[in-house]
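Asker: Below is the file model20.txt, with compact mmCIF, C-alpha atoms and all ligand atoms.
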```txt
# COMPACT_ATOMS: atom_id res chain seq x y z
CA MET L 1 185.64 122.85 159.89
CA SER L 2 186.07 126.57 160.41
CA ASP L 3 186.68 129.03 163.21
CA PRO L 4 186.18 132.80 163.00
CA ARG L 5 189.65 133.28 164.52
CA TRP L 6 191.29 131.68 161.47
CA GLU L 7 189.83 134.28 159.13
CA ALA L 8 190.57 137.15 161.55
CA VAL L 9 194.20 136.07 161.90
CA ASP L 10 194.64 135.58 158.15
CA THR L 11 193.22 139.07 157.58
CA TYR L 12 195.55 140.47 160.26
CA LEU L 13 198.58 138.71 158.73
CA HIS L 14 197.63 139.94 155.28
CA ASP L 15 197.38 143.53 156.54
CA ALA L 16 200.57 143.32 158.62
CA LEU L 17 202.82 141.55 156.12
CA LEU L 18 201.61 141.99 152.58
CA PRO L 19 201.50 145.30 150.71
CA ALA L 20 198.21 146.47 149.20
CA ASP L 21 197.99 144.94 145.75
CA PRO L 22 195.26 146.25 143.42
CA VAL L 23 196.37 143.85 140.65
CA LEU L 24 195.86 140.77 142.82
CA ASP L 25 192.57 142.21 144.15
CA ALA L 26 191.37 142.74 140.57
CA THR L 27 192.48 139.21 139.65
CA LEU L 28 190.22 137.73 142.32
CA ALA L 29 187.38 140.13 141.52
CA ASP L 30 187.46 139.21 137.83
CA ALA L 31 187.62 135.49 138.60
CA ARG L 32 184.53 135.76 140.81
CA ALA L 33 182.73 137.96 138.27
CA ALA L 34 183.38 135.29 135.64
CA GLY L 35 181.84 132.68 137.94
CA LEU L 36 185.07 130.82 138.79
CA PRO L 37 184.95 129.11 142.18
CA ALA L 38 186.78 130.72 145.13
CA ILE L 39 189.35 127.97 145.38
CA ASP L 40 192.43 130.07 144.70
CA VAL L 41 195.18 129.98 147.31
CA SER L 42 194.87 132.63 150.04
CA PRO L 43 197.12 135.72 149.99
CA THR L 44 199.44 134.35 152.69
CA GLN L 45 199.68 131.04 150.81
CA GLY L 46 200.43 132.90 147.59
CA ALA L 47 203.17 134.78 149.42
CA LEU L 48 204.60 131.46 150.67
CA LEU L 49 204.73 130.12 147.11
CA GLN L 50 206.50 133.28 146.00
CA LEU L 51 209.00 133.02 148.85
CA LEU L 52 209.77 129.40 147.97
CA ALA L 53 210.31 130.37 144.32
CA LEU L 54 212.61 133.22 145.38
CA ALA L 55 214.46 131.00 147.86
CA VAL L 56 215.35 128.46 145.18
CA GLY L 57 216.08 131.19 142.63
CA ALA L 58 213.45 129.71 140.33
CA GLU L 59 213.87 130.62 136.68
CA ARG L 60 211.41 128.01 135.44
CA ILE L 61 208.13 127.29 137.21
CA LEU L 62 205.45 124.75 136.36
CA GLU L 63 201.94 125.09 137.78
CA ILE L 64 199.30 122.38 137.47
CA GLY L 65 195.87 124.00 137.97
CA THR L 66 195.57 127.67 136.92
CA LEU L 67 191.96 128.71 137.70
CA GLY L 68 191.94 132.54 137.31
CA GLY L 69 195.72 132.89 137.57
CA TYR L 70 195.91 134.11 141.18
CA SER L 71 198.66 131.73 142.33
CA THR L 72 200.19 132.06 138.86
CA ILE L 73 200.72 135.78 139.44
CA TRP L 74 202.26 135.25 142.87
CA LEU L 75 204.67 132.70 141.37
CA ALA L 76 205.46 134.53 138.13
CA ARG L 77 206.39 137.66 140.04
CA ALA L 78 209.28 135.70 141.58
CA LEU L 79 210.85 135.08 138.17
CA PRO L 80 213.95 136.98 137.12
CA PRO L 81 214.07 138.64 133.69
CA GLY L 82 213.99 135.88 131.10
CA GLY L 83 212.28 133.48 133.51
CA ARG L 84 209.36 131.35 132.41
CA LEU L 85 206.19 129.92 133.98
CA ILE L 86 203.94 127.35 132.34
CA SER L 87 200.53 126.78 133.93
CA LEU L 88 198.34 123.82 132.94
CA GLU L 89 194.55 124.16 132.92
CA ILE L 90 191.82 121.91 131.56
CA ASP L 91 189.04 124.51 131.38
CA PRO L 92 189.32 127.01 128.50
CA ARG L 93 187.10 129.50 130.34
CA HIS L 94 189.41 129.48 133.37
CA ALA L 95 192.41 129.84 131.06
CA GLU L 96 190.85 132.86 129.34
CA VAL L 97 190.26 134.62 132.67
CA ALA L 98 193.80 133.75 133.77
CA ARG L 99 195.33 135.08 130.55
CA SER L 100 193.47 138.35 130.94
CA ASN L 101 194.64 138.60 134.58
CA LEU L 102 198.23 137.84 133.56
CA ARG L 103 198.05 140.55 130.88
CA ARG L 104 196.88 143.14 133.40
CA ALA L 105 199.67 142.04 135.77
CA GLY L 106 202.22 142.59 132.98
CA LEU L 107 203.30 138.94 133.18
CA ASP L 108 202.01 137.57 129.88
CA ASP L 109 205.53 137.78 128.43
CA ARG L 110 206.77 135.14 130.88
CA ALA L 111 203.68 133.20 132.01
CA GLU L 112 201.81 130.94 129.60
CA VAL L 113 198.60 128.97 130.17
CA ARG L 114 198.30 125.65 128.29
CA VAL L 115 194.79 124.27 127.91
CA ALA L 116 194.46 120.47 128.02
CA PRO L 117 194.14 117.74 130.65
CA ALA L 118 197.31 118.23 132.72
CA ALA L 119 198.37 114.61 132.21
CA ASP L 120 198.51 115.24 128.45
CA SER L 121 200.41 118.51 128.83
CA LEU L 122 202.88 116.86 131.21
CA ARG L 123 203.48 114.03 128.75
CA ALA L 124 204.04 116.56 125.98
CA LEU L 125 206.49 118.53 128.13
CA ALA L 126 208.49 115.37 128.90
CA ALA L 127 208.43 114.29 125.25
CA SER L 128 209.68 117.70 124.14
CA GLY L 129 212.74 117.37 126.37
CA ALA L 130 211.75 120.49 128.32
CA GLU L 131 214.46 121.99 130.50
CA PRO L 132 213.92 121.10 134.17
CA PHE L 133 211.63 123.24 136.28
CA ASP L 134 212.94 124.73 139.52
CA LEU L 135 209.54 124.74 141.23
CA VAL L 136 206.38 122.76 140.52
CA PHE L 137 203.06 123.72 142.16
CA ILE L 138 200.43 120.97 141.99
CA ASP L 139 196.90 122.31 142.53
CA ALA L 140 194.44 120.67 140.11
CA ASP L 141 192.25 117.54 140.34
CA LYS L 142 193.27 115.91 143.61
CA PRO L 143 192.74 112.24 142.64
CA SER L 144 195.52 112.68 140.03
CA ASN L 145 198.07 114.08 142.49
CA ALA L 146 200.31 111.00 142.63
CA GLY L 147 200.53 110.95 138.83
CA TYR L 148 201.33 114.67 138.80
CA PHE L 149 204.02 114.18 141.43
CA ALA L 150 205.60 111.35 139.39
CA ALA L 151 205.56 113.58 136.30
CA ALA L 152 207.06 116.44 138.32
CA MET L 153 209.94 114.20 139.37
CA ASP L 154 210.76 113.67 135.69
CA LEU L 155 210.60 117.40 134.98
CA THR L 156 212.77 118.71 137.83
CA ARG L 157 216.42 118.60 138.92
CA PRO L 158 218.22 118.21 142.24
CA GLY L 159 217.41 121.33 144.24
CA SER L 160 213.95 121.80 142.75
CA ILE L 161 210.90 122.14 144.97
CA VAL L 162 207.55 120.41 144.46
CA VAL L 163 204.55 121.78 146.38
CA VAL L 164 201.25 119.89 146.55
CA ASP L 165 198.25 121.89 147.76
CA ASN L 166 195.19 120.76 149.72
CA VAL L 167 196.56 117.50 151.11
CA ILE L 168 194.91 117.70 154.55
CA ARG L 169 191.28 118.03 153.43
CA ASP L 170 189.71 119.19 156.67
CA GLY L 171 191.68 116.51 158.53
CA ARG L 172 190.13 113.68 156.55
CA VAL L 173 193.55 112.69 155.18
CA ALA L 174 194.10 110.66 158.35
CA ASP L 175 191.09 108.46 157.54
CA ALA L 176 192.44 105.40 155.71
CA ALA L 177 188.86 104.18 155.15
CA SER L 178 187.69 107.37 153.41
CA THR L 179 185.91 106.78 150.13
CA ASP L 180 186.39 110.41 149.04
CA PRO L 181 188.56 110.27 145.87
CA ALA L 182 190.27 113.55 146.83
CA VAL L 183 191.22 112.16 150.25
CA ALA L 184 192.47 108.94 148.66
CA GLY L 185 194.42 111.07 146.14
CA SER L 186 196.02 113.03 148.96
CA ARG L 187 196.99 109.86 150.79
CA ARG L 188 198.45 108.36 147.61
CA VAL L 189 200.59 111.40 146.86
CA LEU L 190 201.81 111.75 150.46
CA GLU L 191 202.77 108.09 150.53
CA ALA L 192 204.49 108.38 147.12
CA ILE L 193 206.44 111.42 148.36
CA GLY L 194 207.36 109.67 151.61
CA ALA L 195 208.59 106.59 149.76
CA HIS L 196 210.49 108.42 147.03
CA PRO L 197 214.24 107.87 147.35
CA ARG L 198 215.11 111.26 145.80
CA VAL L 199 213.10 113.67 147.93
CA ARG L 200 213.13 115.12 151.43
CA ALA L 201 209.67 116.33 152.32
CA THR L 202 207.21 117.47 154.90
CA ALA L 203 203.55 118.41 155.02
CA LEU L 204 201.98 121.13 157.15
CA GLN L 205 198.42 121.57 158.33
CA THR L 206 197.10 125.09 157.77
CA VAL L 207 194.04 127.04 158.89
CA GLY L 208 192.87 130.40 157.60
CA LEU L 209 190.63 132.01 155.01
CA LYS L 210 190.49 128.72 153.14
CA GLY L 211 189.48 126.63 156.16
CA TYR L 212 191.46 123.66 157.46
CA ASP L 213 193.81 122.14 154.91
CA GLY L 214 197.53 122.00 154.24
CA LEU L 215 200.32 121.48 151.81
CA ALA L 216 203.22 119.14 151.17
CA ILE L 217 206.64 120.47 150.23
CA ALA L 218 209.29 118.21 148.71
CA LEU L 219 212.90 119.04 147.90
CA VAL L 220 214.32 117.00 145.02
CA ARG L 221 217.74 115.58 145.83
CA SER L 222 220.33 113.94 143.63
N1 LIG L 301 196.19 127.34 141.55
C1 LIG L 301 194.98 128.14 141.48
C2 LIG L 301 195.09 129.29 142.44
O1 LIG L 301 195.47 129.08 143.61
O2 LIG L 301 194.81 130.44 142.03
C3 LIG L 301 193.77 127.31 141.87
C4 LIG L 301 193.59 126.11 141.02
S1 LIG L 301 192.03 125.32 141.31
C5 LIG L 301 192.20 124.72 142.93
C6 LIG L 301 192.15 123.89 140.33
C7 LIG L 301 192.17 124.14 138.83
O3 LIG L 301 192.58 122.91 138.21
C8 LIG L 301 190.81 124.47 138.24
O4 LIG L 301 190.89 125.64 137.44
C9 LIG L 301 190.46 123.26 137.37
O5 LIG L 301 189.75 123.58 136.19
C10 LIG L 301 191.84 122.73 137.04
N2 LIG L 301 191.83 121.29 136.69
C11 LIG L 301 191.03 120.31 137.19
N3 LIG L 301 191.32 119.14 136.62
C12 LIG L 301 192.33 119.36 135.75
C13 LIG L 301 193.05 118.54 134.85
N4 LIG L 301 192.81 117.23 134.74
N5 LIG L 301 194.02 119.11 134.12
C14 LIG L 301 194.29 120.45 134.23
N6 LIG L 301 193.63 121.26 135.05
C15 LIG L 301 192.66 120.74 135.81
```
The structure given in the file should be rewritten as structure tokens.
Answerer:
Amino acid sequence: MSDPRWEAVDTYLHDALLPADPVLDATLADARAAGLPAIDVSPTQGALLQLLALAVGAERILEIGTLGGYSTIWLARALPPGGRLISLEIDPRHAEVARSNLRRAGLDDRAEVRVAPAADSLRALAASGAEPFDLVFIDADKPSNAGYFAAAMDLTRPGSIVVVDNVIRDGRVADAASTDPAVAGSRRVLEAIGAHPRVRATALQTVGLKGYDGLAIALVRS
């Protein structure tokens, strides 16, 4: 589903609210030139992620799904000196583009891309006794979302935020009979979030440059 007004309004909001940003523009340009799909978050969504990270004073951020590092840059820019972001990516080619983009953004001292299936990296993080993350952004293979959310709950603390992208799927999330694994994955994670005793959460439908989709936001409580 799409509507020309969504794109026009997103462009207007971008121009009205967000400063010109040659580094982010170059990040997207290089990702497209390298043949990476245009499935990065939109600029206004990136700004929302950054605002959430700033609002919780995030010093440690975990991202699941790096692509070319566009959302990674938005998030890493919210970190204070000494802050750290770890982004998990399965595709070495995507990771290479992201690392180059992070270098140009001057963020490679605080943002690291780990290449492996995210489930393996998450297990390794838990096994290493990693300090809790203040914000987790889940944006990788959608059928695995419930597993990623469960892992995020083990890697966060009360007051942390977990964001899950693309949970509305053009409205198909409401279709309990859908055989689309991504829709089923979205339903599973939303139901896991809703049933979790330690989170308060909501999900919002969004329209814009990226069509009709939405995101879930969960606050981890004690
Ligand atoms: N967060 C990025 C952004 O907004 O700029 C977009 C991420 S893109 C939607 C999803 C990424 O997850 C892709 O780069 C894909 O290769 C990666 N991915 C898919 N399955 C994965 C897995 N099992 N483990 C880690 N990364 C995975």
Asker: Once you count only C-alpha atoms and all ligand atoms, which residues end up within 8 Å of ligand LIG 301 (chain L), and could you hand them over as JSON, numbers by chain?
Answerer: {"L": [36, 39, 40, 41, 42, 46, 63, 64, 65, 66, 67, 68, 69, 70, 71, 72, 88, 89, 90, 91, 94, 95, 115, 116, 117, 118, 119, 137, 138, 139, 140, 141, 142, 144]}
Asker: Got a sec: who's within 12 Å of range 101-108 of chain L, counting only C-alpha atoms, leaving out chain neighbours fewer than 2 positions off, as a PyMOL selection string?
Answerer: chain L and resi 21-31+34+66-87+94-99+110-113
Asker: To one decimal in Å, tell me the separation between CA of Ala55 in chain L and CA of Asp165 in chain L.
Answerer: 18.6 Å
Asker: Please determine, counting all atoms listed in the file, which residue among L:Val136, L:Pro37, L:Ala201, L:His196 has the shortest atom-to-atom distance to Gln50 in chain L.
Answerer: L:Val136
Asker: Just how far from CA of Ile217 in chain L is CA of Thr44 in chain L, in Å to one decimal?
Answerer: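 Distance between the two atoms: 15.8 Å.
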Asker: Compile the contact shell of Val9 in chain L as a PyMOL selection string: residues with an atom at most 9 Å away, counting only C-alpha atoms, same-chain residues fewer than 4 positions apart removed.
Answerer: chain L and resi 4-5+13-14+208-209
Asker: Do you have the CA of Leu52 in chain L-CA of Leu215 in chain L distance handy?
Answerer: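 Separating CA of Leu52 in chain L from CA of Leu215 in chain L is a distance of 12.9 Å.
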Asker: Counting only C-alpha atoms, figure out which residue out of L:Phe133, L:Glu191, L:Val162, L:Gly147 gets nearest to Ala176 in chain L.
Answerer: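 Closest candidate: L:Glu191.
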Asker: Excluding Glu7 in chain L and any residue of its chain fewer than 4 positions from it, enumerate the residues within 10 Å of it, using all atoms listed in the file, and give them as a VMD selection string.
Answerer: chain L and resid 2 to 3 11 to 13 207 to 211
Asker: Which of these residues is nearest to Met153 in chain L, using all atoms listed in the file: L:Val173, L:Leu219, L:Ala124, L:Met1?
Answerer: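 Ranked by minimum distance to Met153 in chain L, first place goes to L:Leu219.
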Asker: Distance cut-off 6 Å, centre (208.2, 127.2, 146.4) in file coordinates, counting all atoms listed in the file: which residues qualify? Return them as a list of chain:residue names.
Answerer: L:Leu49, L:Leu52, L:Ala53, L:Leu135, L:Ile161
Asker: With C-alpha atoms kept, could you save the residues just selected as a CSV table (one decimal), in the frame of the given file?
Answerer:
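Written file, selection-v8.csv:
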```csv
chain,number,residue,atom,x,y,z
L,49,LEU,CA,204.7,130.1,147.1
L,52,LEU,CA,209.8,129.4,148.0
L,53,ALA,CA,210.3,130.4,144.3
L,135,LEU,CA,209.5,124.7,141.2
L,161,ILE,CA,210.9,122.1,145.0
```
Asker: For Gln205 in chain L, list every protein, DNA or RNA residue within 9 Å, evaluated using all atoms listed in the file, and leave out those in the same chain fewer than 2 positions away; present the list as a PyMOL selection string.
Answerer: chain L and resi 167-168+171+203+207+212-216
Asker: Taking into account only C-alpha atoms, which residue in the set L:Leu54, L:Ala16, L:Leu122, L:Val199 is nearest to Arg157 in chain L?
Answerer: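 Ranked by minimum distance to Arg157 in chain L, first place goes to L:Val199.
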